[in-house]
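Content type compact mmCIF, C-alpha atoms, from the file my_file_17.txt:
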# COMPACT_ATOMS: atom_id res chain seq x y z
CA MET P 1 75.26 93.21 102.79
CA TYR P 2 76.89 96.64 102.87
CA LYS P 3 78.20 98.04 99.56
CA LEU P 4 80.34 101.18 99.63
CA ALA P 5 82.04 103.06 96.79
CA ILE P 6 84.99 105.26 97.77
CA TYR P 7 85.77 108.31 95.62
CA GLY P 8 88.14 111.28 95.90
CA LYS P 9 90.79 113.34 94.16
CA GLY P 10 93.65 111.40 92.57
CA GLY P 11 96.47 110.94 95.08
CA ILE P 12 94.31 111.72 98.11
CA GLY P 13 94.85 108.25 99.58
CA LYS P 14 91.70 106.36 98.53
CA SER P 15 93.49 103.06 98.10
CA THR P 16 95.21 103.38 101.48
CA MET P 17 91.89 104.23 103.11
CA THR P 18 90.04 101.44 101.29
CA GLY P 19 92.60 98.73 102.01
CA ASN P 20 92.81 99.57 105.69
CA LEU P 21 89.04 99.80 105.93
CA ALA P 22 88.71 96.37 104.28
CA ALA P 23 91.16 94.98 106.84
CA ALA P 24 89.18 96.63 109.63
CA PHE P 25 85.91 95.08 108.47
CA SER P 26 87.67 91.72 108.31
CA PHE P 27 89.08 92.25 111.81
CA LEU P 28 85.46 92.70 112.94
CA GLY P 29 84.63 89.29 111.53
CA LYS P 30 83.08 90.40 108.25
CA LYS P 31 83.57 88.69 104.91
CA VAL P 32 84.88 91.36 102.55
CA ILE P 33 85.39 91.88 98.82
CA GLN P 34 87.53 94.80 97.66
CA ILE P 35 87.35 95.79 93.98
CA GLY P 36 89.97 98.21 92.70
CA CYS P 37 88.52 100.30 89.86
CA ASP P 38 91.69 101.97 88.61
CA PRO P 39 93.92 101.16 85.61
CA LYS P 40 96.96 101.27 87.94
CA ALA P 41 95.57 98.14 89.65
CA ASP P 42 97.27 98.94 92.97
CA SER P 43 94.25 99.13 95.27
CA THR P 44 94.68 95.73 96.90
CA MET P 45 98.47 95.45 97.18
CA ASN P 46 98.63 96.11 100.92
CA LEU P 47 96.18 93.29 101.50
CA LEU P 48 98.34 90.94 99.41
CA GLY P 49 101.73 91.40 101.04
CA GLY P 50 102.73 94.12 98.58
CA ARG P 51 102.19 91.86 95.56
CA PRO P 52 100.28 93.25 92.57
CA LEU P 53 97.26 91.31 91.38
CA VAL P 54 96.85 90.61 87.66
CA PRO P 55 93.86 92.76 86.65
CA VAL P 56 90.85 91.45 84.78
CA MET P 57 91.56 93.60 81.72
CA ASP P 58 95.03 92.06 81.37
CA LEU P 59 93.49 88.59 81.40
CA LEU P 60 91.01 89.63 78.72
CA ARG P 61 93.75 91.16 76.54
CA ASP P 62 95.77 87.96 76.80
CA ASP P 63 92.72 85.84 75.90
CA LYS P 64 92.94 83.96 79.19
CA ASP P 65 90.04 81.71 80.09
CA ILE P 66 87.95 83.18 82.91
CA ASP P 67 85.73 80.43 84.24
CA SER P 68 85.60 81.12 87.97
CA ILE P 69 86.02 83.82 90.60
CA GLU P 70 89.40 82.33 91.46
CA ASP P 71 90.64 83.19 87.96
CA VAL P 72 90.22 86.93 88.60
CA SER P 73 90.82 87.24 92.34
CA ALA P 74 93.25 86.57 95.18
CA VAL P 75 92.61 86.19 98.89
CA GLY P 76 94.46 88.64 101.09
CA TYR P 77 94.75 89.49 104.76
CA GLY P 78 91.78 88.41 106.84
CA GLY P 79 90.28 86.50 103.93
CA VAL P 80 89.52 89.68 101.95
CA VAL P 81 88.76 88.72 98.33
CA CYS P 82 90.74 91.10 96.12
CA ILE P 83 89.88 92.01 92.53
CA GLU P 84 91.42 94.63 90.21
CA THR P 85 89.65 95.83 87.08
CA GLY P 86 92.74 97.30 85.42
CA GLY P 87 92.33 99.21 82.19
CA PRO P 88 93.28 99.37 78.53
CA THR P 89 96.78 99.53 77.11
CA PRO P 90 98.14 102.96 78.16
CA GLY P 91 97.18 105.59 75.60
CA VAL P 92 94.65 103.34 73.91
CA GLY P 93 90.96 103.10 74.72
CA CYS P 94 88.79 104.25 77.62
CA ALA P 95 89.73 103.22 81.15
CA GLY P 96 86.10 103.35 82.22
CA ARG P 97 85.25 100.56 79.84
CA GLY P 98 87.56 98.30 81.81
CA ILE P 99 85.34 98.75 84.84
CA ILE P 100 82.19 98.01 82.85
CA ALA P 101 83.75 94.91 81.24
CA THR P 102 84.97 93.65 84.62
CA PHE P 103 81.59 94.20 86.28
CA ASN P 104 79.88 92.27 83.49
CA ILE P 105 82.27 89.36 84.02
CA LEU P 106 81.80 89.43 87.80
CA LYS P 107 78.06 89.39 87.28
CA SER P 108 78.28 86.42 84.93
CA LEU P 109 80.47 84.60 87.47
CA GLU P 110 77.85 85.30 90.17
CA LEU P 111 80.43 86.92 92.44
CA VAL P 112 78.01 87.81 95.24
CA ASP P 113 76.28 84.42 95.24
CA GLN P 114 79.61 82.61 95.23
CA ILE P 115 81.38 84.62 97.95
CA LYS P 116 78.35 85.74 100.00
CA PRO P 117 80.15 88.80 101.40
CA ASP P 118 79.06 91.00 104.27
CA VAL P 119 80.84 94.02 102.77
CA ILE P 120 81.87 95.05 99.24
CA LEU P 121 84.21 98.01 98.80
CA PHE P 122 84.78 99.75 95.45
CA ASP P 123 87.95 101.87 95.23
CA VAL P 124 87.24 104.17 92.29
CA LEU P 125 89.76 106.23 90.31
CA GLY P 126 90.07 109.94 91.03
CA ASP P 127 87.34 112.52 90.71
CA VAL P 128 85.84 111.29 87.44
CA VAL P 129 82.21 110.34 88.00
CA CYS P 130 81.17 109.56 84.44
CA GLY P 131 81.08 106.59 82.10
CA GLY P 132 82.56 103.45 83.60
CA PHE P 133 83.78 105.29 86.68
CA ALA P 134 80.15 105.94 87.62
CA ALA P 135 79.24 102.27 87.21
CA PRO P 136 79.63 101.40 90.92
CA ILE P 137 76.87 103.87 91.81
CA ARG P 138 74.93 103.96 88.55
CA GLU P 139 74.40 100.25 88.00
CA GLY P 140 73.20 99.53 91.53
CA TYR P 141 76.41 97.90 92.73
CA ALA P 142 77.03 100.29 95.66
CA ASP P 143 74.49 101.49 98.20
CA GLU P 144 76.51 104.46 99.42
CA VAL P 145 79.44 106.69 98.47
CA MET P 146 82.13 107.91 100.81
CA ILE P 147 84.24 110.84 99.61
CA VAL P 148 87.85 111.01 100.77
CA THR P 149 89.36 114.47 101.09
CA SER P 150 91.93 116.48 102.97
CA GLY P 151 91.63 120.15 103.87
CA GLU P 152 93.58 121.12 100.76
CA LYS P 153 91.81 123.40 98.30
CA MET P 154 91.99 121.10 95.25
CA ALA P 155 90.94 118.04 97.26
CA LEU P 156 87.86 119.91 98.49
CA TYR P 157 87.16 121.15 94.97
CA ALA P 158 87.20 117.55 93.72
CA ALA P 159 85.04 116.43 96.65
CA ASP P 160 82.46 119.06 95.73
CA ASN P 161 82.38 117.86 92.12
CA ILE P 162 81.94 114.27 93.25
CA ASN P 163 79.18 115.21 95.67
CA ARG P 164 77.27 117.11 92.99
CA ALA P 165 77.66 114.28 90.49
CA VAL P 166 76.46 111.67 92.96
CA LYS P 167 73.45 113.81 93.89
CA ASN P 168 72.53 113.97 90.20
CA PHE P 169 72.60 110.18 90.08
CA GLN P 170 70.69 109.96 93.36
CA ASP P 171 67.73 111.59 91.64
CA ARG P 172 67.53 108.37 89.63
CA SER P 173 67.52 106.20 92.77
CA TYR P 174 71.21 105.37 92.61
CA ALA P 175 73.69 105.43 95.52
CA GLY P 176 73.79 108.47 97.79
CA VAL P 177 76.64 110.08 99.69
CA ARG P 178 77.17 108.61 103.15
CA GLY P 179 79.63 111.31 104.13
CA ILE P 180 83.16 112.67 104.08
CA LEU P 181 86.29 110.84 105.23
CA LEU P 182 89.00 113.29 106.22
CA ASN P 183 92.47 111.94 105.40
CA LYS P 184 94.56 114.56 107.15
CA ARG P 185 97.48 116.31 105.46
CA ASN P 186 98.10 118.66 108.40
CA VAL P 187 97.15 121.83 106.54
CA PRO P 188 96.19 124.83 108.73
CA ASP P 189 92.71 124.63 110.29
CA GLU P 190 92.08 121.37 108.45
CA ASP P 191 89.35 119.99 110.72
CA GLU P 192 87.46 123.27 110.66
CA LYS P 193 87.72 123.62 106.87
CA VAL P 194 86.41 120.13 106.20
CA ALA P 195 83.69 120.41 108.84
CA ALA P 196 82.49 123.68 107.26
CA PHE P 197 82.62 122.11 103.77
CA ALA P 198 80.50 119.18 104.93
CA ARG P 199 78.04 121.36 106.84
CA GLU P 200 77.44 123.62 103.84
CA ARG P 201 76.50 120.56 101.78
CA ASP P 202 74.44 118.87 104.48
CA LEU P 203 76.98 116.05 104.77
CA SER P 204 78.54 114.42 107.80
CA VAL P 205 82.22 113.80 108.45
CA VAL P 206 82.10 110.05 109.08
CA GLY P 207 85.76 109.69 110.02
CA ARG P 208 89.05 111.48 110.54
CA ILE P 209 92.29 109.64 109.80
CA PRO P 210 95.36 111.44 111.15
CA ARG P 211 98.61 111.60 109.22
CA SER P 212 100.61 108.65 110.52
CA ASP P 213 104.10 107.28 110.04
CA ASP P 214 102.65 103.88 110.97
CA ILE P 215 100.66 103.85 107.71
CA ASN P 216 103.86 104.48 105.74
CA ARG P 217 105.73 101.84 107.73
CA ALA P 218 103.00 99.27 107.13
CA GLU P 219 102.93 100.00 103.39
CA GLU P 220 106.70 99.51 103.22
CA GLU P 221 106.01 96.00 104.53
CA GLY P 222 103.14 95.50 102.06
CA LYS P 223 100.57 95.51 104.87
CA THR P 224 97.68 97.44 106.31
CA VAL P 225 98.15 98.89 109.79
CA ILE P 226 95.58 96.42 111.12
CA GLU P 227 97.69 93.50 109.94
CA MET P 228 100.90 95.10 111.22
CA ASP P 229 99.48 95.83 114.68
CA PRO P 230 95.75 96.10 115.42
CA THR P 231 96.47 97.74 118.78
CA LEU P 232 97.97 100.87 117.22
CA GLU P 233 95.99 104.08 117.63
CA ILE P 234 95.73 104.46 113.85
CA SER P 235 94.44 100.87 113.57
CA ARG P 236 91.75 101.68 116.12
CA ASP P 237 90.76 104.70 114.00
CA PHE P 238 90.04 102.42 111.04
CA ILE P 239 88.26 99.81 113.16
CA GLU P 240 86.04 102.46 114.75
CA LEU P 241 85.29 103.87 111.28
CA ALA P 242 84.26 100.39 110.09
CA GLU P 243 81.99 100.01 113.12
CA ARG P 244 80.45 103.42 112.45
CA LEU P 245 79.77 102.62 108.79
CA LEU P 246 78.11 99.32 109.67
CA LYS P 247 75.68 101.16 111.95
Write the structure described by the file as C-alpha cells, please.
Amino acid sequence: MYKLAIYGKGGIGKSTMTGNLAAAFSFLGKKVIQIGCDPKADSTMNLLGGRPLVPVMDLLRDDKDIDSIEDVSAVGYGGVVCIETGGPTPGVGCAGRGIIATFNILKSLELVDQIKPDVILFDVLGDVVCGGFAAPIREGYADEVMIVTSGEKMALYAADNINRAVKNFQDRSYAGVRGILLNKRNVPDEDEKVAAFARERDLSVVGRIPRSDDINRAEEEGKTVIEMDPTLEISRDFIELAERLLK
C-alpha cells in the first residue's frame, strides 16, 4: 500500500493535482482512497461530478451517527473512495483539530481494513505543517510527502518551509519528502528555477504538469482530465506520474 501526502502553498493547485492523480492511479487499476484535509472540503469534487461531499466535521457538529465508512465517504470516478475532513465553524476553533478528529474516527472505523486500498492520498491545506495539518506525516498515516509548487517566488518559499518542516519530522522516523511536483504557471525560466530549487535541497522533480485549458474544461464539467478523456496529453502526464510514484 502506497500512502502519499500532498502539500504546497494555498492556491497552488494541490486539489487539482491530487484529484487527477487519484484518477490516474484508478485508471491503472489501483484501489484508491483520497482524503481531503482542508476546511473548504473541496478536494474530491472533481471525482464526484462536481458535487461537494459532506465533511466529517459537519456530521460531528450535527450529532449524526457515524457507524460505517459509508457514513463519511462517497465513491467517485474509478471507484475512488472520497473523504473530506472539513473543519470547525468559520472563525471558531482550530481547523487542524478537524483533521485529528477525522483520523481518529477513520481509525475506529478500520478504514484501511475495510477498503483494502492500494493507494491513499492526503490532500493537505496550504503550507502549514503543524498541529493537525502535520498529522498525515506525524502519525504514520503517510509514507511520503510530495510538494506541489510553481516557479513563482512565494510558491517556492512555501515549498522550502514545507521541506524543512518535513525533514524535522523525518528525524523522528516520520514521512520523508519524495520530491517536487511542478504545476506550471508559465513564469519565465520556470523549469530551470524549480530544478535549481530541488537540486539545492537534494530533492528530485518527480513530475511536471503543464498549464492546460483541458484541466479547466474538465473542472467545469466536474471531472478530472482522465475521466473526460484519458487519451489527452495532459491525462498521460498524470498517468505517467502515477506510474513513476508507484515505482
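Candidate residues P:Phe197, P:Gly140, P:Arg97, P:Leu60 were compared for distance to Phe169 of chain P, and the nearest is P:Gly140, using all atoms listed in the file.
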Considering all atoms listed in the file, can you say which of P:Asp67, P:Gly132, P:Ser73, P:Ser204 comes closest to Ser108 of chain P?
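The shortest atom-to-atom distance to Ser108 of chain P comes from P:Asp67.
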Using all atoms listed in the file, can you tell me which of P:Val32, P:Ala155, P:Cys82, P:Ala165 comes closest to Val177 of chain P?
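Comparing P:Val32, P:Ala155, P:Cys82, P:Ala165 against Val177 of chain P, the winner is P:Ala165.
With all atoms listed in the file as the atoms that count, the minimum distance from Ile105 of chain P to the choices P:Ala142, P:Leu156, P:Ile69, P:Ala196 is reached by P:Ile69.
When all atoms listed in the file are used to measure the gap to Ser235 of chain P, the shortest distance among P:Gly87, P:Gly98, P:Pro210, P:Gly222 belongs to P:Pro210.
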Can you list, as a PyMOL selection string, every protein, DNA or RNA residue that comes within 9 Å of Val124 of chain P when you count all atoms listed in the file, leaving out same-chain residues fewer than 4 positions away?
chain P and resi 5-8+14-15+35-38+128+133-134+136
Please produce a file of those selected residues containing C-alpha atoms, as a tab-separated table (two decimals), in the frame of the given file.
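The resulting file, again-v7.tsv, is shown below:
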chain	number	residue	atom	x	y	z
P	5	ALA	CA	82.04	103.06	96.79
P	6	ILE	CA	84.99	105.26	97.77
P	7	TYR	CA	85.77	108.31	95.62
P	8	GLY	CA	88.14	111.28	95.90
P	14	LYS	CA	91.70	106.36	98.53
P	15	SER	CA	93.49	103.06	98.10
P	35	ILE	CA	87.35	95.79	93.98
P	36	GLY	CA	89.97	98.21	92.70
P	37	CYS	CA	88.52	100.30	89.86
P	38	ASP	CA	91.69	101.97	88.61
P	128	VAL	CA	85.84	111.29	87.44
P	133	PHE	CA	83.78	105.29	86.68
P	134	ALA	CA	80.15	105.94	87.62
P	136	PRO	CA	79.63	101.40	90.92
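If you measure from each of P:Glu70, P:Arg138, P:Gln34, P:Gly76 to Gln114 of chain P using all atoms listed in the file, the closest one turns out to be P:Glu70.
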Identify, on the basis of all atoms listed in the file, every residue whose closest approach to segment 217-220 of chain P does not exceed 10 Å; exclude the query and any residue fewer than 5 positions from it along the same chain; express the result as a ChimeraX atom specification.
/P:16,45-47,49-50,212,225-229
Expressed in Å to a single decimal, how great is the separation between atom CA of Ile100 of chain P and atom CA of Ile66 of chain P?
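Atom-to-atom, atom CA of Ile100 of chain P to atom CA of Ile66 of chain P, that is 15.9 Å.
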Mind pulling up the distance from atom CA of Glu221 of chain P to atom CA of Phe122 of chain P?
23.4 Å
Contacts of Arg178 of chain P within 12 Å, only C-alpha atoms, excl. fewer than 6 positions in-chain, as a list in words:
Tyr2, Lys3, Leu4, Ala5, Ile6, Tyr7, Ala142, Asp143, Glu144, Val145, Met146, Ile147, Val148, Asn163, Val166, Lys167, Gln170, Ala198, Asp202, Leu203, Ser204, Val205, Val206, Gly207, Arg244, Leu245, Leu246 and Lys247 of chain P
Atom CA of Asn168 of chain P to atom CA of Asp123 of chain P: how many Å, to one decimal?
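Separation between atom CA of Asn168 of chain P and atom CA of Asp123 of chain P: 20.2 Å.
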Close residues, Ser68 of chain P itself excluded, 9 Å, all atoms listed in the file, min 4 positions apart in chain, as a VMD selection string
chain P and resid 72 109 111
